[in-house]
file query.cif (mmCIF, C-alpha atoms)
data_protein
loop_
_atom_site.label_atom_id
_atom_site.label_comp_id
_atom_site.auth_asym_id
_atom_site.auth_seq_id
_atom_site.Cartn_x
_atom_site.Cartn_y
_atom_site.Cartn_z
CA MET F 1315 53.95 26.25 -47.44
CA PRO F 1316 54.11 27.62 -43.85
CA LEU F 1317 55.51 30.90 -45.22
CA LEU F 1318 52.81 31.05 -47.91
CA ALA F 1319 50.17 30.34 -45.27
CA ALA F 1320 51.46 33.17 -43.06
CA LEU F 1321 51.53 35.58 -46.00
CA GLY F 1322 48.03 34.49 -46.96
CA ARG F 1323 46.68 35.24 -43.50
CA ALA F 1324 48.36 38.66 -43.66
CA LEU F 1325 46.66 39.24 -47.02
CA GLY F 1326 43.37 38.26 -45.38
CA ALA F 1327 43.90 40.86 -42.65
CA LEU F 1328 44.54 43.46 -45.34
CA LEU F 1329 41.39 42.46 -47.21
CA TRP F 1330 39.42 42.69 -43.96
CA ALA F 1331 40.58 46.27 -43.59
CA LEU F 1332 40.18 47.36 -47.21
CA ALA F 1333 37.36 45.28 -48.75
CA ARG F 1334 34.62 46.95 -46.76
CA ARG F 1335 31.76 45.88 -49.02
CA ARG F 1336 32.68 42.19 -48.83
CA ARG F 1337 33.30 42.50 -45.10
CA ARG F 1338 29.75 43.82 -44.64
CA VAL F 1339 28.35 40.97 -46.76
CA ALA F 1340 30.22 38.37 -44.70
CA LEU F 1341 29.11 39.87 -41.40
CA ARG F 1342 25.50 40.02 -42.58
CA ASN F 1343 25.51 36.43 -43.85
CA ILE F 1344 26.94 35.18 -40.56
CA GLU F 1345 24.40 37.21 -38.61
CA LEU F 1346 21.54 35.66 -40.62
CA CYS F 1347 22.89 32.12 -40.28
CA PHE F 1348 24.01 32.30 -36.63
CA PRO F 1349 21.63 34.77 -34.95
CA GLU F 1350 21.96 32.90 -31.65
CA GLN F 1351 25.67 33.71 -31.41
CA PRO F 1352 26.95 36.95 -29.78
CA ILE F 1353 28.23 39.68 -32.06
CA THR F 1354 31.80 39.17 -30.85
CA TRP F 1355 31.68 35.50 -31.95
CA ARG F 1356 30.26 36.44 -35.36
CA ARG F 1357 32.84 39.15 -35.93
CA GLU F 1358 35.71 36.84 -34.98
CA LEU F 1359 34.34 34.19 -37.36
CA ALA F 1360 34.26 36.75 -40.18
CA ARG F 1361 37.85 37.84 -39.49
CA GLU F 1362 38.98 34.21 -39.47
CA HIS F 1363 37.15 33.65 -42.75
CA PHE F 1364 39.12 36.47 -44.36
CA ALA F 1365 42.35 34.86 -43.13
CA TRP F 1366 41.44 31.58 -44.87
CA LEU F 1367 40.29 33.51 -47.94
CA GLY F 1368 43.63 35.30 -48.17
CA ARG F 1369 45.43 31.98 -47.95
CA SER F 1370 43.26 30.46 -50.65
CA LEU F 1371 44.06 33.32 -53.03
CA LEU F 1372 47.83 33.07 -52.58
CA GLU F 1373 47.91 29.27 -52.62
CA ARG F 1374 46.03 29.27 -55.89
CA SER F 1375 49.44 29.92 -57.45
CA LEU F 1376 50.29 26.31 -56.62
CA LEU F 1377 47.36 25.14 -58.71
CA TRP F 1378 48.58 27.20 -61.62
CA PHE F 1379 52.31 26.44 -61.52
CA ALA F 1380 53.26 23.57 -59.14
CA SER F 1381 53.96 20.11 -60.51
CA ALA F 1382 51.43 17.30 -60.26
CA GLU F 1383 53.79 15.50 -57.90
CA ARG F 1384 53.92 18.45 -55.50
CA LEU F 1385 50.15 18.88 -55.55
CA GLN F 1386 49.71 15.20 -54.76
CA ARG F 1387 51.97 15.56 -51.73
CA LEU F 1388 49.82 18.43 -50.47
CA MET F 1389 46.52 16.56 -50.75
CA ARG F 1390 45.14 14.10 -48.22
CA ILE F 1391 42.35 12.06 -49.79
CA LYS F 1392 39.53 10.65 -47.67
CA GLY F 1393 36.85 8.37 -49.02
CA ASN F 1394 36.38 6.86 -52.46
CA ILE F 1395 37.74 9.43 -54.91
CA LYS F 1396 37.55 6.80 -57.67
CA LEU F 1397 33.76 6.38 -57.53
CA ALA F 1398 33.20 7.98 -60.96
CA GLU F 1399 35.49 5.54 -62.76
CA GLN F 1400 33.93 2.60 -60.91
CA SER F 1401 30.28 3.55 -61.36
CA GLU F 1402 28.18 2.26 -64.25
CA ALA F 1403 25.95 5.33 -63.84
CA PRO F 1404 27.33 8.81 -64.58
CA VAL F 1405 28.46 10.76 -61.53
CA MET F 1406 27.76 14.32 -60.42
CA TRP F 1407 30.35 15.76 -58.07
CA LEU F 1408 28.72 18.30 -55.76
CA LEU F 1409 31.26 20.99 -54.84
CA PRO F 1410 30.10 23.36 -52.08
CA HIS F 1411 31.77 26.76 -51.94
CA PHE F 1412 34.37 26.33 -49.24
CA VAL F 1413 37.47 28.48 -49.74
CA GLY F 1414 39.57 25.54 -50.99
CA LEU F 1415 37.12 24.74 -53.78
CA GLU F 1416 39.66 25.24 -56.60
CA TRP F 1417 41.54 22.15 -55.39
CA SER F 1418 38.67 19.95 -56.56
CA ALA F 1419 40.12 19.92 -60.10
CA PRO F 1420 43.54 18.42 -59.28
CA ALA F 1421 41.96 16.19 -56.62
CA THR F 1422 39.67 14.56 -59.17
CA MET F 1423 41.82 14.73 -62.28
CA LEU F 1424 45.00 13.40 -60.63
CA ASN F 1425 43.39 10.62 -58.62
CA GLN F 1426 40.94 8.97 -61.00
CA SER F 1427 40.50 8.61 -64.75
CA THR F 1428 36.99 9.91 -65.56
CA PRO F 1429 36.98 13.23 -67.47
CA GLY F 1430 35.08 16.12 -65.93
CA VAL F 1431 32.88 18.94 -67.20
CA ASP F 1432 32.54 22.16 -65.24
CA VAL F 1433 30.32 25.22 -65.72
CA TYR F 1434 32.15 28.46 -65.07
CA GLN F 1435 31.31 32.13 -64.67
CA ALA F 1436 33.53 34.34 -66.82
CA GLN F 1437 35.58 36.83 -64.79
CA SER F 1438 35.50 40.54 -65.59
CA ASN F 1439 39.31 40.68 -65.81
CA ALA F 1440 40.32 38.91 -69.03
CA VAL F 1441 43.86 38.09 -67.88
CA PHE F 1442 42.68 36.56 -64.60
CA ASP F 1443 39.88 34.73 -66.43
CA ALA F 1444 42.34 33.11 -68.85
CA ARG F 1445 44.71 32.15 -66.00
CA LEU F 1446 41.83 30.68 -63.98
CA LEU F 1447 40.62 28.55 -66.88
CA ALA F 1448 44.13 27.34 -67.68
CA GLY F 1449 44.65 26.40 -64.03
CA ARG F 1450 41.45 24.40 -63.87
CA ALA F 1451 42.29 22.45 -67.02
CA ARG F 1452 45.97 21.62 -66.30
CA PHE F 1453 45.46 17.96 -65.50
CA GLY F 1454 43.38 15.17 -66.98
CA LYS F 1455 40.60 15.77 -69.46
CA VAL F 1456 38.43 18.72 -68.45
CA ALA F 1457 35.74 20.56 -70.44
CA LEU F 1458 34.80 24.06 -69.29
CA VAL F 1459 31.39 25.38 -70.34
CA ASP F 1460 30.48 29.06 -70.05
CA ARG F 1461 27.34 29.52 -67.95
CA HIS F 1462 25.81 31.65 -70.70
CA ASP F 1463 25.95 28.69 -73.12
CA GLY F 1464 23.29 26.88 -71.11
CA ILE F 1465 23.09 23.28 -69.94
CA ARG F 1466 22.86 21.42 -73.27
CA PRO F 1467 26.64 21.19 -73.84
CA VAL F 1468 26.98 19.76 -70.33
CA LEU F 1469 24.30 17.12 -70.96
CA ARG F 1470 26.00 16.06 -74.20
CA LEU F 1471 29.30 15.58 -72.38
CA ILE F 1472 27.65 13.61 -69.56
CA LYS F 1473 26.28 11.23 -72.21
CA GLN F 1474 29.84 10.88 -73.51
CA GLY F 1475 31.08 9.69 -70.10
CA TYR F 1476 32.08 12.91 -68.35
CA ALA F 1477 31.43 13.45 -64.65
CA PHE F 1478 29.70 16.75 -63.88
CA MET F 1479 31.48 19.12 -61.47
CA ASN F 1480 28.54 21.03 -60.02
CA ALA F 1481 28.78 23.86 -57.46
CA PRO F 1482 25.10 24.31 -56.54
CA ASP F 1483 25.10 26.65 -53.53
CA MET F 1484 25.04 30.13 -55.06
CA ASP F 1485 22.24 32.60 -55.78
CA PHE F 1486 21.77 32.92 -59.54
CA GLY F 1487 18.28 34.41 -59.42
CA GLU F 1488 14.79 32.93 -59.49
CA LYS F 1489 15.05 31.10 -62.83
CA ASP F 1490 15.02 27.32 -62.24
CA SER F 1491 15.22 27.95 -58.48
CA ALA F 1492 13.02 27.83 -55.40
CA PHE F 1493 13.14 29.51 -52.01
CA VAL F 1494 14.34 26.83 -49.63
CA PRO F 1495 15.49 27.33 -46.02
CA PHE F 1496 19.23 27.69 -45.49
CA PHE F 1497 20.03 28.14 -41.81
CA GLY F 1498 16.35 28.99 -41.42
CA VAL F 1499 16.44 31.82 -43.99
CA PRO F 1500 14.63 31.44 -47.35
CA ALA F 1501 17.43 31.15 -49.92
CA CYS F 1502 17.05 31.10 -53.69
CA THR F 1503 18.31 27.58 -54.37
CA LEU F 1504 18.99 25.94 -57.73
CA LEU F 1505 16.74 23.03 -58.72
CA ALA F 1506 18.89 22.07 -61.70
CA PRO F 1507 21.20 19.66 -59.81
CA SER F 1508 18.29 17.44 -58.84
CA ARG F 1509 16.65 17.64 -62.26
CA ILE F 1510 19.86 16.84 -64.13
CA ALA F 1511 20.71 13.96 -61.79
CA SER F 1512 17.20 12.54 -62.21
CA THR F 1513 17.10 12.96 -66.00
CA MET F 1514 20.56 11.51 -66.56
CA GLY F 1515 20.30 8.75 -63.90
CA MET F 1516 23.32 10.11 -62.04
CA VAL F 1517 24.97 9.14 -58.77
CA VAL F 1518 25.55 12.31 -56.70
CA GLN F 1519 28.78 12.43 -54.69
CA PRO F 1520 29.73 15.52 -52.64
CA LEU F 1521 33.39 16.52 -52.48
CA LEU F 1522 34.51 18.67 -49.56
CA ILE F 1523 37.79 20.59 -49.63
CA LYS F 1524 39.28 21.63 -46.30
CA MET F 1525 42.40 23.77 -45.90
CA LEU F 1526 44.70 22.48 -43.17
CA PRO F 1527 46.34 24.87 -40.71
CA GLY F 1528 49.93 26.07 -40.87
CA GLY F 1529 50.51 25.21 -44.51
CA GLN F 1530 49.99 21.48 -44.05
CA GLY F 1531 48.06 21.19 -47.28
CA TYR F 1532 44.50 20.21 -48.11
CA GLU F 1533 42.07 17.50 -47.09
CA ILE F 1534 39.78 16.28 -49.87
CA GLU F 1535 36.84 14.26 -48.61
CA ALA F 1536 35.04 12.18 -51.22
CA CYS F 1537 31.79 11.69 -49.35
CA GLU F 1538 29.33 8.85 -49.67
CA PRO F 1539 26.68 9.52 -52.34
CA LEU F 1540 23.66 11.36 -50.97
CA ALA F 1541 21.05 8.78 -49.96
CA GLY F 1542 17.68 9.32 -51.63
CA TYR F 1543 18.99 12.04 -53.94
CA PRO F 1544 17.53 12.64 -56.44
CA SER F 1545 14.08 11.75 -55.19
CA GLY F 1546 12.00 12.99 -58.10
CA ASP F 1547 10.98 16.08 -56.14
CA PRO F 1548 13.46 18.89 -56.94
CA VAL F 1549 12.29 21.16 -54.11
CA ALA F 1550 12.58 18.39 -51.53
CA ASP F 1551 16.02 17.58 -52.91
CA ALA F 1552 17.10 21.22 -52.61
CA ARG F 1553 15.92 21.19 -49.00
CA LEU F 1554 17.88 17.97 -48.32
CA LEU F 1555 21.01 19.42 -49.91
CA ASN F 1556 20.78 22.63 -47.88
CA GLN F 1557 20.32 20.68 -44.66
CA TRP F 1558 23.32 18.49 -45.46
CA LEU F 1559 25.42 21.55 -46.30
CA GLU F 1560 24.41 23.34 -43.09
CA ALA F 1561 25.72 20.41 -41.07
CA ARG F 1562 29.06 20.44 -42.90
CA ILE F 1563 29.42 24.21 -42.55
CA ARG F 1564 28.91 23.94 -38.78
CA GLU F 1565 31.91 21.59 -38.68
CA CYS F 1566 34.18 24.22 -40.26
CA PRO F 1567 32.29 27.54 -40.42
CA ALA F 1568 35.25 29.87 -41.07
CA GLN F 1569 36.05 28.20 -44.40
CA TYR F 1570 32.65 28.62 -46.03
CA LEU F 1571 32.43 31.41 -48.63
CA TRP F 1572 30.59 34.05 -46.59
CA VAL F 1573 31.55 36.92 -48.92
CA HIS F 1574 29.00 35.74 -51.53
CA LYS F 1575 25.54 37.33 -51.34
CA ARG F 1576 23.80 34.02 -50.72
CA PHE F 1577 20.50 35.72 -49.82
CA LYS F 1578 20.57 38.37 -52.58
CA THR F 1579 17.32 37.27 -54.26
CA ARG F 1580 14.32 37.68 -51.96
CA PRO F 1581 10.75 36.35 -52.12
CA ALA F 1582 8.26 38.79 -53.64
CA GLY F 1583 7.62 41.72 -51.34
CA GLU F 1584 10.61 41.14 -49.08
CA PRO F 1585 13.28 43.87 -48.82
CA SER F 1586 16.96 43.22 -49.43
CA VAL F 1587 18.80 41.79 -46.43
CA TYR F 1588 21.98 43.56 -47.53
#
call {"tool": "encode", "arguments": {"input": "query.cif", "output": "structure tokens"}}
result
Amino acid sequence: MPLLAALGRALGALLWALARRRRRVALRNIELCFPEQPITWRRELAREHFAWLGRSLLERSLLWFASAERLQRLMRIKGNIKLAEQSEAPVMWLLPHFVGLEWSAPATMLNQSTPGVDVYQAQSNAVFDARLLAGRARFGKVALVDRHDGIRPVLRLIKQGYAFMNAPDMDFGEKDSAFVPFFGVPACTLLAPSRIASTMGMVVQPLLIKMLPGGQGYEIEACEPLAGYPSGDPVADARLLNQWLEARIRECPAQYLWVHKRFKTRPAGEPSVY
């Protein structure tokens, strides 16, 4: 693991040098979210992010090929990871896009018994797409629904007792979204998590994945369910979720996925920030 971590950071340095488009996106996102910080601080944060990103890419091989026993040794669980199997109400796991996000599948499927359903975005490379899906479904009972198939298959599985693995913090356009502040910047934010949780009577539990330094493994924090969520007001819920996520990002800013164009969709009349 220490060797893999060192190689991953080297890969991150290479990506920083070669992936110019993603580097610009990361720098712009950090500038928008931390305008009060000097440019040297923002640039160092972006470089550190690429180091963690490189590690996450190489260490994904563990998720694909390592034994369940080895993965268990690499995970440190905090909080009640067994909430879904204990709850009478169905559970939605909220999975923010930190670089260790892929570890949410073994964390949940190896440490509790409730099956999970996940919505995924098909990758352009067919070989990588197949490997990614196989890696996510290695353990436990997992259903993977293509985003283009809509939400109905997910709702059917929730009714059958599946927990919903929901990553809500990406920009998928204005459909079923609202512009809600994220670090003070209007961000196109999905309303579906709140609406689904309200319709299905779900308990909403965030899961945070943190990579530990020096190849020490991963910390999986099964947080307390979000108080007052859902409230019946999807926009207010989106605002609450963004505020909660901001606070968690500030605790570990380099591991948030800054290379995603989080502010791609703009309110009418506003120019692109990228």
call {"tool": "resolve_selection", "arguments": {"input": "query.cif", "expression": "the PyMOL selection byres ((chain F and resi 1544) around 6)", "output": "ChimeraX atom specification"}}
result
/F:1508,1512,1542-1543,1545-1546
call {"tool": "atom_distance", "arguments": {"input": "query.cif", "atom1": "atom CA of F:Lys1473", "atom2": "atom CA of F:Ala1451"}}
result
20.2 Å
call {"tool": "residues_around", "arguments": {"input": "query.cif", "residues": "F:Ala1327", "least_positions_apart": "6", "cutoff": "10 Å", "atoms": "only C-alpha atoms", "output": "PyMOL selection string"}}
result
chain F and resi 1321+1333+1361-1368
call {"tool": "atom_distance", "arguments": {"input": "query.cif", "atom1": "atom CA of F:Trp1378", "atom2": "atom CA of F:Ala1457"}}
result
16.9 Å
call {"tool": "resolve_selection", "arguments": {"input": "query.cif", "expression": "the PyMOL selection byres ((chain F and resi 1557-1571) around 10)", "output": "count of residues only"}}
result
46
call {"tool": "resolve_selection", "arguments": {"input": "query.cif", "expression": "the PyMOL selection byres ((chain F and resi 1389) around 7)", "output": "ChimeraX atom specification"}}
result
/F:1385-1388,1390-1391,1531-1534
call {"tool": "residues_around", "arguments": {"input": "query.cif", "residues": "F:Leu1409", "least_positions_apart": "2", "cutoff": "6 Å", "atoms": "all atoms listed in the file", "output": "ChimeraX atom specification"}}
result
/F:1480-1481,1521
